[in-house]
Structure formats: structure tokens, C-alpha cells
Amino acid sequence: MTDVEGTQLFHKTMPFSERLGIEVLEHGPDLVRSRLAWDESLCTLGGVLHGGALMALADSTGAVCAFLNLPEGAQGTTTLESKTNFLRGVRSGYATASAKPLHAGRRVVVVETEIRDDDGKLAAKITQTQAVL
């Protein structure tokens, strides 16, 4: 079941996430989960979801996780660095991202995101550093 409030937050703050069709499953400071449906228009050769689509899913999910962990008085967040390791292709169903904070400081928030396929197999692992604005 989708998290309507979380999905609206993604789409309002990041319209690109709406264009991609990202749906939020849950959102809170300890965990943000979202998913992207496999679609031929988002694929590369061989019917594999494009790495850029997976990175956009991870960046969006990690950004909301960072936002939910901002210190009091902060205005927002922006990505400073993102490191992605692709481990397997997503060829059907959904790519589901789960983001957790590793460090929530005054100047940066570091988030780790995993993307899994419908079988629960790890497709990508992302570490992201977000600047506190």
C-alpha cells in the first residue's frame, strides 16, 4: 500500500519524481521507502531499468530521508555526493528503495539507500552525502 502523504511530499518537492512515477511506501526519519515501476520507457537495451532511473529513485528517497533528519532551523538539503554500486538489473516489477540515515549532523546528513527487486535481491547500494542548508 502506498503512503499518500509521502508520495505527495515527493511530488510537490521534486516534480521529476512524479514524472518518473515514484510512489512512497513509508516515510519517517528512520526509514524512507519508495518504489519505481518497471516500464519499457525507463529501460536500456535488454529490458533493464536504466541506471539513471535507479539513481533518481535513490537520490529522491535519500533526499527525503535527509530532509526528515535536518537539525532545527535548517532550510533544506541538497546532494553533495552520491556513490552508487549497481549489483544486478531490474527487469520487471518494481525497484524498491529503502533509505536510512547514517549520520545526521549540523552541516551534512549521510544516507545509505538500498534498491531491491521484487524478489528482495539487492540491485544497487547507494551512499549519499547531503548538505544542510
# chains A, B, ... in the order shown; residues from 1 in each chain; ligands from 1

$ residues_around --residues "Ala66 of chain A" --least-positions-apart "3" --cutoff "7 Å" --atoms "only C-alpha atoms" --output "ChimeraX atom specification"
/A:62-63,69-70,101,109,111,130

$ select_by_dssp --residues "chain A" --states "strand (DSSP E)" --output "number ranges by chain"
A: 23-28, 31-37, 43-44, 48-49, 77-86, 94-104, 108-116, 122-132

$ residues_around --residues "Phe10 of chain A" --least-positions-apart "3" --cutoff "12 Å" --atoms "only C-alpha atoms" --output "mmCIF file with all heavy atoms, in the first residue's frame"
data_model
loop_
_atom_site.group_PDB
_atom_site.id
_atom_site.type_symbol
_atom_site.label_atom_id
_atom_site.label_comp_id
_atom_site.auth_asym_id
_atom_site.auth_seq_id
_atom_site.Cartn_x
_atom_site.Cartn_y
_atom_site.Cartn_z
ATOM 1 N N ASP A 3 1.947 5.214 0.590
ATOM 2 C CA ASP A 3 1.852 6.259 1.603
ATOM 3 C C ASP A 3 1.478 7.540 0.841
ATOM 4 O O ASP A 3 2.328 8.158 0.200
ATOM 5 C CB ASP A 3 3.207 6.376 2.296
ATOM 6 C CG ASP A 3 3.341 7.529 3.269
ATOM 7 O OD1 ASP A 3 2.531 8.478 3.216
ATOM 8 O OD2 ASP A 3 4.296 7.505 4.057
ATOM 9 N N VAL A 4 0.209 7.919 0.891
ATOM 10 C CA VAL A 4 -0.294 9.053 0.112
ATOM 11 C C VAL A 4 0.403 10.343 0.514
ATOM 12 O O VAL A 4 0.841 11.123 -0.344
ATOM 13 C CB VAL A 4 -1.832 9.181 0.256
ATOM 14 C CG1 VAL A 4 -2.340 10.424 -0.448
ATOM 15 C CG2 VAL A 4 -2.520 7.937 -0.279
ATOM 16 N N GLU A 5 0.530 10.596 1.813
ATOM 17 C CA GLU A 5 1.178 11.819 2.290
ATOM 18 C C GLU A 5 2.633 11.874 1.818
ATOM 19 O O GLU A 5 3.123 12.907 1.365
ATOM 20 C CB GLU A 5 1.116 11.895 3.816
ATOM 21 C CG GLU A 5 1.768 13.129 4.400
ATOM 22 C CD GLU A 5 1.768 13.121 5.926
ATOM 23 O OE1 GLU A 5 0.902 12.481 6.538
ATOM 24 O OE2 GLU A 5 2.670 13.766 6.499
ATOM 25 N N GLY A 6 3.343 10.756 1.928
ATOM 26 C CA GLY A 6 4.731 10.707 1.490
ATOM 27 C C GLY A 6 4.867 10.909 -0.012
ATOM 28 O O GLY A 6 5.766 11.605 -0.479
ATOM 29 N N THR A 7 3.975 10.298 -0.774
ATOM 30 C CA THR A 7 4.008 10.452 -2.227
ATOM 31 C C THR A 7 3.759 11.907 -2.607
ATOM 32 O O THR A 7 4.446 12.457 -3.476
ATOM 33 C CB THR A 7 2.984 9.522 -2.897
ATOM 34 O OG1 THR A 7 3.310 8.157 -2.556
ATOM 35 C CG2 THR A 7 2.998 9.665 -4.406
ATOM 36 N N THR A 13 7.783 18.455 -3.768
ATOM 37 C CA THR A 13 9.130 18.999 -3.611
ATOM 38 C C THR A 13 10.071 18.605 -4.741
ATOM 39 O O THR A 13 11.086 19.266 -4.959
ATOM 40 C CB THR A 13 9.747 18.565 -2.270
ATOM 41 O OG1 THR A 13 9.808 17.132 -2.223
ATOM 42 C CG2 THR A 13 8.924 19.089 -1.095
ATOM 43 N N MET A 14 9.745 17.525 -5.459
ATOM 44 C CA MET A 14 10.590 17.031 -6.553
ATOM 45 C C MET A 14 9.696 16.582 -7.706
ATOM 46 O O MET A 14 9.410 15.390 -7.845
ATOM 47 C CB MET A 14 11.453 15.857 -6.082
ATOM 48 C CG MET A 14 12.392 16.184 -4.948
ATOM 49 S SD MET A 14 13.227 14.720 -4.277
ATOM 50 C CE MET A 14 11.872 13.894 -3.412
ATOM 51 N N PRO A 15 9.195 17.514 -8.525
ATOM 52 C CA PRO A 15 8.271 17.150 -9.607
ATOM 53 C C PRO A 15 8.794 16.054 -10.537
ATOM 54 O O PRO A 15 8.014 15.293 -11.100
ATOM 55 C CB PRO A 15 8.076 18.469 -10.359
ATOM 56 C CG PRO A 15 8.364 19.531 -9.351
ATOM 57 C CD PRO A 15 9.424 18.958 -8.460
ATOM 58 N N PHE A 16 10.113 15.951 -10.676
ATOM 59 C CA PHE A 16 10.698 14.893 -11.505
ATOM 60 C C PHE A 16 10.303 13.513 -10.979
ATOM 61 O O PHE A 16 10.113 12.577 -11.758
ATOM 62 C CB PHE A 16 12.221 15.053 -11.550
ATOM 63 C CG PHE A 16 12.926 14.057 -12.421
ATOM 64 C CD1 PHE A 16 12.652 13.972 -13.782
ATOM 65 C CD2 PHE A 16 13.884 13.215 -11.888
ATOM 66 C CE1 PHE A 16 13.316 13.066 -14.595
ATOM 67 C CE2 PHE A 16 14.560 12.310 -12.686
ATOM 68 C CZ PHE A 16 14.271 12.232 -14.043
ATOM 69 N N SER A 17 10.167 13.378 -9.664
ATOM 70 C CA SER A 17 9.776 12.085 -9.083
ATOM 71 C C SER A 17 8.357 11.699 -9.517
ATOM 72 O O SER A 17 8.067 10.522 -9.706
ATOM 73 C CB SER A 17 9.888 12.111 -7.555
ATOM 74 O OG SER A 17 8.912 12.944 -6.966
ATOM 75 N N GLU A 18 7.507 12.697 -9.703
ATOM 76 C CA GLU A 18 6.152 12.414 -10.195
ATOM 77 C C GLU A 18 6.206 11.969 -11.657
ATOM 78 O O GLU A 18 5.527 11.016 -12.058
ATOM 79 C CB GLU A 18 5.259 13.636 -10.051
ATOM 80 C CG GLU A 18 3.829 13.385 -10.493
ATOM 81 C CD GLU A 18 2.904 14.549 -10.203
ATOM 82 O OE1 GLU A 18 3.383 15.679 -9.964
ATOM 83 O OE2 GLU A 18 1.682 14.318 -10.209
ATOM 84 N N ARG A 19 7.026 12.641 -12.447
ATOM 85 C CA ARG A 19 7.160 12.278 -13.866
ATOM 86 C C ARG A 19 7.654 10.842 -14.015
ATOM 87 O O ARG A 19 7.223 10.113 -14.906
ATOM 88 C CB ARG A 19 8.095 13.233 -14.575
ATOM 89 C CG ARG A 19 8.374 12.818 -16.018
ATOM 90 C CD ARG A 19 9.063 13.881 -16.750
ATOM 91 N NE ARG A 19 8.034 14.603 -17.480
ATOM 92 C CZ ARG A 19 8.271 15.564 -18.330
ATOM 93 N NH1 ARG A 19 9.495 15.966 -18.538
ATOM 94 N NH2 ARG A 19 7.305 16.148 -18.974
ATOM 95 N N LEU A 20 8.561 10.421 -13.125
ATOM 96 C CA LEU A 20 9.059 9.050 -13.166
ATOM 97 C C LEU A 20 8.030 8.043 -12.649
ATOM 98 O O LEU A 20 8.128 6.863 -12.959
ATOM 99 C CB LEU A 20 10.334 8.917 -12.331
ATOM 100 C CG LEU A 20 11.602 9.502 -12.927
ATOM 101 C CD1 LEU A 20 12.745 9.405 -11.927
ATOM 102 C CD2 LEU A 20 11.964 8.810 -14.223
ATOM 103 N N GLY A 21 7.074 8.520 -11.861
ATOM 104 C CA GLY A 21 6.062 7.621 -11.297
ATOM 105 C C GLY A 21 6.462 7.012 -9.965
ATOM 106 O O GLY A 21 5.937 5.970 -9.568
ATOM 107 N N ILE A 22 7.353 7.662 -9.247
ATOM 108 C CA ILE A 22 7.794 7.148 -7.951
ATOM 109 C C ILE A 22 6.638 7.220 -6.955
ATOM 110 O O ILE A 22 5.955 8.228 -6.853
ATOM 111 C CB ILE A 22 9.013 7.933 -7.430
ATOM 112 C CG1 ILE A 22 10.213 7.692 -8.349
ATOM 113 C CG2 ILE A 22 9.340 7.551 -5.984
ATOM 114 C CD1 ILE A 22 11.430 8.531 -8.024
ATOM 115 N N GLU A 23 6.446 6.122 -6.244
ATOM 116 C CA GLU A 23 5.431 6.033 -5.185
ATOM 117 C C GLU A 23 6.140 5.810 -3.858
ATOM 118 O O GLU A 23 7.106 5.051 -3.799
ATOM 119 C CB GLU A 23 4.498 4.846 -5.421
ATOM 120 C CG GLU A 23 3.740 4.867 -6.718
ATOM 121 C CD GLU A 23 2.967 3.585 -6.927
ATOM 122 O OE1 GLU A 23 3.568 2.496 -6.825
ATOM 123 O OE2 GLU A 23 1.771 3.680 -7.191
ATOM 124 N N VAL A 24 5.658 6.439 -2.818
ATOM 125 C CA VAL A 24 6.238 6.264 -1.483
ATOM 126 C C VAL A 24 5.459 5.190 -0.743
ATOM 127 O O VAL A 24 4.221 5.177 -0.763
ATOM 128 C CB VAL A 24 6.230 7.599 -0.705
ATOM 129 C CG1 VAL A 24 6.775 7.408 0.701
ATOM 130 C CG2 VAL A 24 7.052 8.640 -1.457
ATOM 131 N N LEU A 25 6.180 4.304 -0.091
ATOM 132 C CA LEU A 25 5.564 3.238 0.695
ATOM 133 C C LEU A 25 5.500 3.607 2.171
ATOM 134 O O LEU A 25 4.551 3.246 2.859
ATOM 135 C CB LEU A 25 6.333 1.927 0.502
ATOM 136 C CG LEU A 25 6.434 1.466 -0.953
ATOM 137 C CD1 LEU A 25 7.349 0.255 -1.075
ATOM 138 C CD2 LEU A 25 5.054 1.166 -1.518
ATOM 139 N N GLU A 26 6.519 4.316 2.646
ATOM 140 C CA GLU A 26 6.521 4.834 4.014
ATOM 141 C C GLU A 26 7.599 5.902 4.129
ATOM 142 O O GLU A 26 8.575 5.881 3.388
ATOM 143 C CB GLU A 26 6.741 3.731 5.054
ATOM 144 C CG GLU A 26 8.077 3.044 4.998
ATOM 145 C CD GLU A 26 8.215 1.940 6.045
ATOM 146 O OE1 GLU A 26 8.377 2.256 7.243
ATOM 147 O OE2 GLU A 26 8.179 0.765 5.644
ATOM 148 N N HIS A 27 7.378 6.837 5.041
ATOM 149 C CA HIS A 27 8.386 7.868 5.251
ATOM 150 C C HIS A 27 8.409 8.293 6.709
ATOM 151 O O HIS A 27 7.378 8.476 7.336
ATOM 152 C CB HIS A 27 8.159 9.075 4.334
ATOM 153 C CG HIS A 27 7.039 9.979 4.722
ATOM 154 N ND1 HIS A 27 5.713 9.626 4.636
ATOM 155 C CD2 HIS A 27 7.047 11.234 5.207
ATOM 156 C CE1 HIS A 27 4.957 10.616 5.047
ATOM 157 N NE2 HIS A 27 5.741 11.623 5.405
ATOM 158 N N VAL A 32 12.859 5.712 4.930
ATOM 159 C CA VAL A 32 12.016 6.167 3.824
ATOM 160 C C VAL A 32 12.067 5.064 2.780
ATOM 161 O O VAL A 32 13.147 4.617 2.385
ATOM 162 C CB VAL A 32 12.512 7.503 3.224
ATOM 163 C CG1 VAL A 32 11.646 7.909 2.031
ATOM 164 C CG2 VAL A 32 12.513 8.602 4.276
ATOM 165 N N ARG A 33 10.897 4.600 2.358
ATOM 166 C CA ARG A 33 10.807 3.546 1.338
ATOM 167 C C ARG A 33 9.943 4.048 0.189
ATOM 168 O O ARG A 33 8.855 4.572 0.407
ATOM 169 C CB ARG A 33 10.195 2.270 1.911
ATOM 170 C CG ARG A 33 11.097 1.575 2.905
ATOM 171 C CD ARG A 33 10.491 0.281 3.460
ATOM 172 N NE ARG A 33 10.198 -0.667 2.408
ATOM 173 C CZ ARG A 33 8.976 -1.138 2.115
ATOM 174 N NH1 ARG A 33 7.919 -0.758 2.803
ATOM 175 N NH2 ARG A 33 8.804 -1.990 1.141
ATOM 176 N N SER A 34 10.452 3.845 -1.026
ATOM 177 C CA SER A 34 9.699 4.233 -2.214
ATOM 178 C C SER A 34 9.976 3.213 -3.307
ATOM 179 O O SER A 34 10.875 2.379 -3.191
ATOM 180 C CB SER A 34 10.081 5.644 -2.669
ATOM 181 O OG SER A 34 11.426 5.664 -3.090
ATOM 182 N N ARG A 35 9.185 3.306 -4.376
ATOM 183 C CA ARG A 35 9.384 2.340 -5.456
ATOM 184 C C ARG A 35 9.137 2.980 -6.811
ATOM 185 O O ARG A 35 8.422 3.986 -6.932
ATOM 186 C CB ARG A 35 8.486 1.126 -5.267
ATOM 187 C CG ARG A 35 7.010 1.420 -5.415
ATOM 188 C CD ARG A 35 6.189 0.199 -5.132
ATOM 189 N NE ARG A 35 4.765 0.484 -5.331
ATOM 190 C CZ ARG A 35 3.811 -0.392 -5.161
ATOM 191 N NH1 ARG A 35 4.095 -1.623 -4.761
ATOM 192 N NH2 ARG A 35 2.561 -0.065 -5.379
ATOM 193 N N ALA A 56 17.940 8.193 -9.813
ATOM 194 C CA ALA A 56 16.934 9.212 -9.485
ATOM 195 C C ALA A 56 16.042 8.723 -8.349
ATOM 196 O O ALA A 56 15.686 9.501 -7.456
ATOM 197 C CB ALA A 56 16.099 9.552 -10.719
ATOM 198 N N LEU A 57 15.682 7.440 -8.372
ATOM 199 C CA LEU A 57 14.901 6.856 -7.277
ATOM 200 C C LEU A 57 15.682 6.958 -5.970
ATOM 201 O O LEU A 57 15.148 7.404 -4.944
ATOM 202 C CB LEU A 57 14.565 5.397 -7.590
ATOM 203 C CG LEU A 57 13.901 4.592 -6.478
ATOM 204 C CD1 LEU A 57 12.510 5.138 -6.147
ATOM 205 C CD2 LEU A 57 13.828 3.117 -6.874
ATOM 206 N N ASP A 59 18.264 8.979 -5.232
ATOM 207 C CA ASP A 59 18.506 10.371 -4.859
ATOM 208 C C ASP A 59 17.263 10.988 -4.230
ATOM 209 O O ASP A 59 17.352 11.690 -3.219
ATOM 210 C CB ASP A 59 18.957 11.183 -6.070
ATOM 211 C CG ASP A 59 19.413 12.583 -5.677
ATOM 212 O OD1 ASP A 59 20.365 12.694 -4.877
ATOM 213 O OD2 ASP A 59 18.828 13.551 -6.172
ATOM 214 N N SER A 60 16.109 10.721 -4.805
ATOM 215 C CA SER A 60 14.852 11.253 -4.272
ATOM 216 C C SER A 60 14.558 10.681 -2.888
ATOM 217 O O SER A 60 14.196 11.417 -1.961
ATOM 218 C CB SER A 60 13.694 10.928 -5.220
ATOM 219 O OG SER A 60 13.895 11.519 -6.476
ATOM 220 N N THR A 61 14.736 9.378 -2.743
ATOM 221 C CA THR A 61 14.450 8.716 -1.468
ATOM 222 C C THR A 61 15.437 9.179 -0.396
ATOM 223 O O THR A 61 15.042 9.494 0.733
ATOM 224 C CB THR A 61 14.503 7.189 -1.651
ATOM 225 O OG1 THR A 61 13.632 6.828 -2.732
ATOM 226 C CG2 THR A 61 14.053 6.462 -0.398
ATOM 227 N N GLY A 62 16.712 9.253 -0.763
ATOM 228 C CA GLY A 62 17.723 9.720 0.179
ATOM 229 C C GLY A 62 17.539 11.173 0.569
ATOM 230 O O GLY A 62 17.762 11.548 1.719
ATOM 231 N N ALA A 63 17.117 11.992 -0.390
ATOM 232 C CA ALA A 63 16.892 13.412 -0.105
ATOM 233 C C ALA A 63 15.787 13.606 0.923
ATOM 234 O O ALA A 63 15.915 14.432 1.833
ATOM 235 C CB ALA A 63 16.561 14.164 -1.389
ATOM 236 N N VAL A 64 14.703 12.854 0.797
ATOM 237 C CA VAL A 64 13.610 12.975 1.771
ATOM 238 C C VAL A 64 14.068 12.457 3.131
ATOM 239 O O VAL A 64 13.766 13.060 4.168
ATOM 240 C CB VAL A 64 12.339 12.265 1.276
ATOM 241 C CG1 VAL A 64 11.294 12.176 2.383
ATOM 242 C CG2 VAL A 64 11.757 13.007 0.077
ATOM 243 N N CYS A 65 14.837 11.384 3.143
ATOM 244 C CA CYS A 65 15.381 10.880 4.416
ATOM 245 C C CYS A 65 16.254 11.950 5.073
ATOM 246 O O CYS A 65 16.136 12.213 6.265
ATOM 247 C CB CYS A 65 16.172 9.598 4.168
ATOM 248 S SG CYS A 65 16.788 8.825 5.673
ATOM 249 N N PHE A 67 16.109 15.205 4.552
ATOM 250 C CA PHE A 67 15.221 16.305 4.936
ATOM 251 C C PHE A 67 14.543 16.023 6.280
ATOM 252 O O PHE A 67 14.420 16.910 7.124
ATOM 253 C CB PHE A 67 14.176 16.536 3.842
ATOM 254 C CG PHE A 67 13.197 17.617 4.163
ATOM 255 C CD1 PHE A 67 13.539 18.956 4.008
ATOM 256 C CD2 PHE A 67 11.926 17.309 4.621
ATOM 257 C CE1 PHE A 67 12.635 19.962 4.322
ATOM 258 C CE2 PHE A 67 11.013 18.311 4.928
ATOM 259 C CZ PHE A 67 11.370 19.635 4.780
#

$ residues_around --residues "Val110 of chain A" --least-positions-apart "2" --cutoff "9 Å" --atoms "only C-alpha atoms" --output "PDB file with N, CA, C and O atoms, in the first residue's frame"
ATOM      1  N   GLY A  62      16.712   9.253  -0.763  1.00  0.00           N
ATOM      2  CA  GLY A  62      17.723   9.720   0.179  1.00  0.00           C
ATOM      3  C   GLY A  62      17.539  11.173   0.569  1.00  0.00           C
ATOM      4  O   GLY A  62      17.762  11.548   1.719  1.00  0.00           O
ATOM      5  N   ALA A  66      17.119  12.583   4.284  1.00  0.00           N
ATOM      6  CA  ALA A  66      17.964  13.655   4.820  1.00  0.00           C
ATOM      7  C   ALA A  66      17.116  14.808   5.333  1.00  0.00           C
ATOM      8  O   ALA A  66      17.356  15.331   6.426  1.00  0.00           O
ATOM      9  N   LYS A 100      18.118   4.954   4.901  1.00  0.00           N
ATOM     10  CA  LYS A 100      18.289   5.131   6.347  1.00  0.00           C
ATOM     11  C   LYS A 100      19.416   6.123   6.590  1.00  0.00           C
ATOM     12  O   LYS A 100      20.421   6.110   5.881  1.00  0.00           O
ATOM     13  N   PRO A 101      19.265   6.962   7.617  1.00  0.00           N
ATOM     14  CA  PRO A 101      20.355   7.903   7.925  1.00  0.00           C
ATOM     15  C   PRO A 101      21.524   7.179   8.592  1.00  0.00           C
ATOM     16  O   PRO A 101      21.324   6.339   9.467  1.00  0.00           O
ATOM     17  N   LEU A 102      22.732   7.503   8.145  1.00  0.00           N
ATOM     18  CA  LEU A 102      23.940   7.000   8.805  1.00  0.00           C
ATOM     19  C   LEU A 102      24.504   8.047   9.759  1.00  0.00           C
ATOM     20  O   LEU A 102      25.101   7.710  10.777  1.00  0.00           O
ATOM     21  N   HIS A 103      24.322   9.330   9.387  1.00  0.00           N
ATOM     22  CA  HIS A 103      24.830  10.436  10.202  1.00  0.00           C
ATOM     23  C   HIS A 103      23.949  11.655   9.948  1.00  0.00           C
ATOM     24  O   HIS A 103      23.719  12.022   8.798  1.00  0.00           O
ATOM     25  N   ALA A 104      23.461  12.252  10.993  1.00  0.00           N
ATOM     26  CA  ALA A 104      22.666  13.479  10.880  1.00  0.00           C
ATOM     27  C   ALA A 104      23.355  14.558  11.698  1.00  0.00           C
ATOM     28  O   ALA A 104      23.184  14.633  12.917  1.00  0.00           O
ATOM     29  N   GLY A 105      24.159  15.364  11.028  1.00  0.00           N
ATOM     30  CA  GLY A 105      24.923  16.398  11.709  1.00  0.00           C
ATOM     31  C   GLY A 105      24.400  17.795  11.434  1.00  0.00           C
ATOM     32  O   GLY A 105      23.364  17.971  10.792  1.00  0.00           O
ATOM     33  N   VAL A 108      26.084  18.249   7.493  1.00  0.00           N
ATOM     34  CA  VAL A 108      25.792  17.219   6.493  1.00  0.00           C
ATOM     35  C   VAL A 108      24.940  16.111   7.093  1.00  0.00           C
ATOM     36  O   VAL A 108      24.971  15.877   8.307  1.00  0.00           O
ATOM     37  N   GLU A 112      22.226   6.056   3.596  1.00  0.00           N
ATOM     38  CA  GLU A 112      22.509   4.843   2.838  1.00  0.00           C
ATOM     39  C   GLU A 112      21.184   4.305   2.290  1.00  0.00           C
ATOM     40  O   GLU A 112      20.214   4.177   3.033  1.00  0.00           O
ATOM     41  N   THR A 127      25.412   5.370  -1.265  1.00  0.00           N
ATOM     42  CA  THR A 127      25.735   6.211  -0.123  1.00  0.00           C
ATOM     43  C   THR A 127      25.715   7.645  -0.605  1.00  0.00           C
ATOM     44  O   THR A 127      26.322   7.969  -1.629  1.00  0.00           O
ATOM     45  N   GLN A 128      24.996   8.472   0.113  1.00  0.00           N
ATOM     46  CA  GLN A 128      24.741   9.841  -0.339  1.00  0.00           C
ATOM     47  C   GLN A 128      25.050  10.817   0.800  1.00  0.00           C
ATOM     48  O   GLN A 128      24.669  10.580   1.937  1.00  0.00           O
ATOM     49  N   THR A 129      25.730  11.899   0.455  1.00  0.00           N
ATOM     50  CA  THR A 129      26.004  12.959   1.414  1.00  0.00           C
ATOM     51  C   THR A 129      25.170  14.170   0.999  1.00  0.00           C
ATOM     52  O   THR A 129      25.257  14.629  -0.136  1.00  0.00           O
ATOM     53  N   GLN A 130      24.376  14.663   1.940  1.00  0.00           N
ATOM     54  CA  GLN A 130      23.505  15.820   1.694  1.00  0.00           C
ATOM     55  C   GLN A 130      23.974  16.994   2.549  1.00  0.00           C
ATOM     56  O   GLN A 130      24.219  16.835   3.752  1.00  0.00           O
ATOM     57  N   ALA A 131      24.107  18.145   1.930  1.00  0.00           N
ATOM     58  CA  ALA A 131      24.453  19.369   2.662  1.00  0.00           C
ATOM     59  C   ALA A 131      23.212  19.893   3.387  1.00  0.00           C
ATOM     60  O   ALA A 131      22.107  19.853   2.839  1.00  0.00           O
TER      61      ALA A 131
END

$ closest_residue --among "A:Leu68, A:Leu45, A:Trp38, A:Thr84" --to "Asp117 of chain A" --atoms "only C-alpha atoms"
A:Trp38

$ decode --residues "segment 58-72 of chain A" --atoms "N, CA and C atoms" --output "PDB file, in the first residue's frame"
ATOM      1  N   ALA A  58      16.956   6.584  -5.999  1.00  0.00           N
ATOM      2  CA  ALA A  58      17.788   6.633  -4.790  1.00  0.00           C
ATOM      3  C   ALA A  58      17.994   8.062  -4.307  1.00  0.00           C
ATOM      4  N   ASP A  59      18.264   8.979  -5.232  1.00  0.00           N
ATOM      5  CA  ASP A  59      18.506  10.371  -4.859  1.00  0.00           C
ATOM      6  C   ASP A  59      17.263  10.988  -4.230  1.00  0.00           C
ATOM      7  N   SER A  60      16.109  10.721  -4.805  1.00  0.00           N
ATOM      8  CA  SER A  60      14.852  11.253  -4.272  1.00  0.00           C
ATOM      9  C   SER A  60      14.558  10.681  -2.888  1.00  0.00           C
ATOM     10  N   THR A  61      14.736   9.378  -2.743  1.00  0.00           N
ATOM     11  CA  THR A  61      14.450   8.716  -1.468  1.00  0.00           C
ATOM     12  C   THR A  61      15.437   9.179  -0.396  1.00  0.00           C
ATOM     13  N   GLY A  62      16.712   9.253  -0.763  1.00  0.00           N
ATOM     14  CA  GLY A  62      17.723   9.720   0.179  1.00  0.00           C
ATOM     15  C   GLY A  62      17.539  11.173   0.569  1.00  0.00           C
ATOM     16  N   ALA A  63      17.117  11.992  -0.390  1.00  0.00           N
ATOM     17  CA  ALA A  63      16.892  13.412  -0.105  1.00  0.00           C
ATOM     18  C   ALA A  63      15.787  13.606   0.923  1.00  0.00           C
ATOM     19  N   VAL A  64      14.703  12.854   0.797  1.00  0.00           N
ATOM     20  CA  VAL A  64      13.610  12.975   1.771  1.00  0.00           C
ATOM     21  C   VAL A  64      14.068  12.457   3.131  1.00  0.00           C
ATOM     22  N   CYS A  65      14.837  11.384   3.143  1.00  0.00           N
ATOM     23  CA  CYS A  65      15.381  10.880   4.416  1.00  0.00           C
ATOM     24  C   CYS A  65      16.254  11.950   5.073  1.00  0.00           C
ATOM     25  N   ALA A  66      17.119  12.583   4.284  1.00  0.00           N
ATOM     26  CA  ALA A  66      17.964  13.655   4.820  1.00  0.00           C
ATOM     27  C   ALA A  66      17.116  14.808   5.333  1.00  0.00           C
ATOM     28  N   PHE A  67      16.109  15.205   4.552  1.00  0.00           N
ATOM     29  CA  PHE A  67      15.221  16.305   4.936  1.00  0.00           C
ATOM     30  C   PHE A  67      14.543  16.023   6.280  1.00  0.00           C
ATOM     31  N   LEU A  68      14.121  14.777   6.474  1.00  0.00           N
ATOM     32  CA  LEU A  68      13.439  14.403   7.716  1.00  0.00           C
ATOM     33  C   LEU A  68      14.389  14.312   8.902  1.00  0.00           C
ATOM     34  N   ASN A  69      15.702  14.441   8.634  1.00  0.00           N
ATOM     35  CA  ASN A  69      16.709  14.398   9.699  1.00  0.00           C
ATOM     36  C   ASN A  69      17.475  15.700   9.834  1.00  0.00           C
ATOM     37  N   LEU A  70      16.953  16.779   9.261  1.00  0.00           N
ATOM     38  CA  LEU A  70      17.621  18.073   9.356  1.00  0.00           C
ATOM     39  C   LEU A  70      17.581  18.599  10.789  1.00  0.00           C
ATOM     40  N   PRO A  71      18.640  19.299  11.184  1.00  0.00           N
ATOM     41  CA  PRO A  71      18.620  19.923  12.512  1.00  0.00           C
ATOM     42  C   PRO A  71      17.614  21.073  12.531  1.00  0.00           C
ATOM     43  N   GLU A  72      17.181  21.410  13.723  1.00  0.00           N
ATOM     44  CA  GLU A  72      16.231  22.505  13.885  1.00  0.00           C
ATOM     45  C   GLU A  72      16.785  23.787  13.275  1.00  0.00           C
TER      46      GLU A  72
END
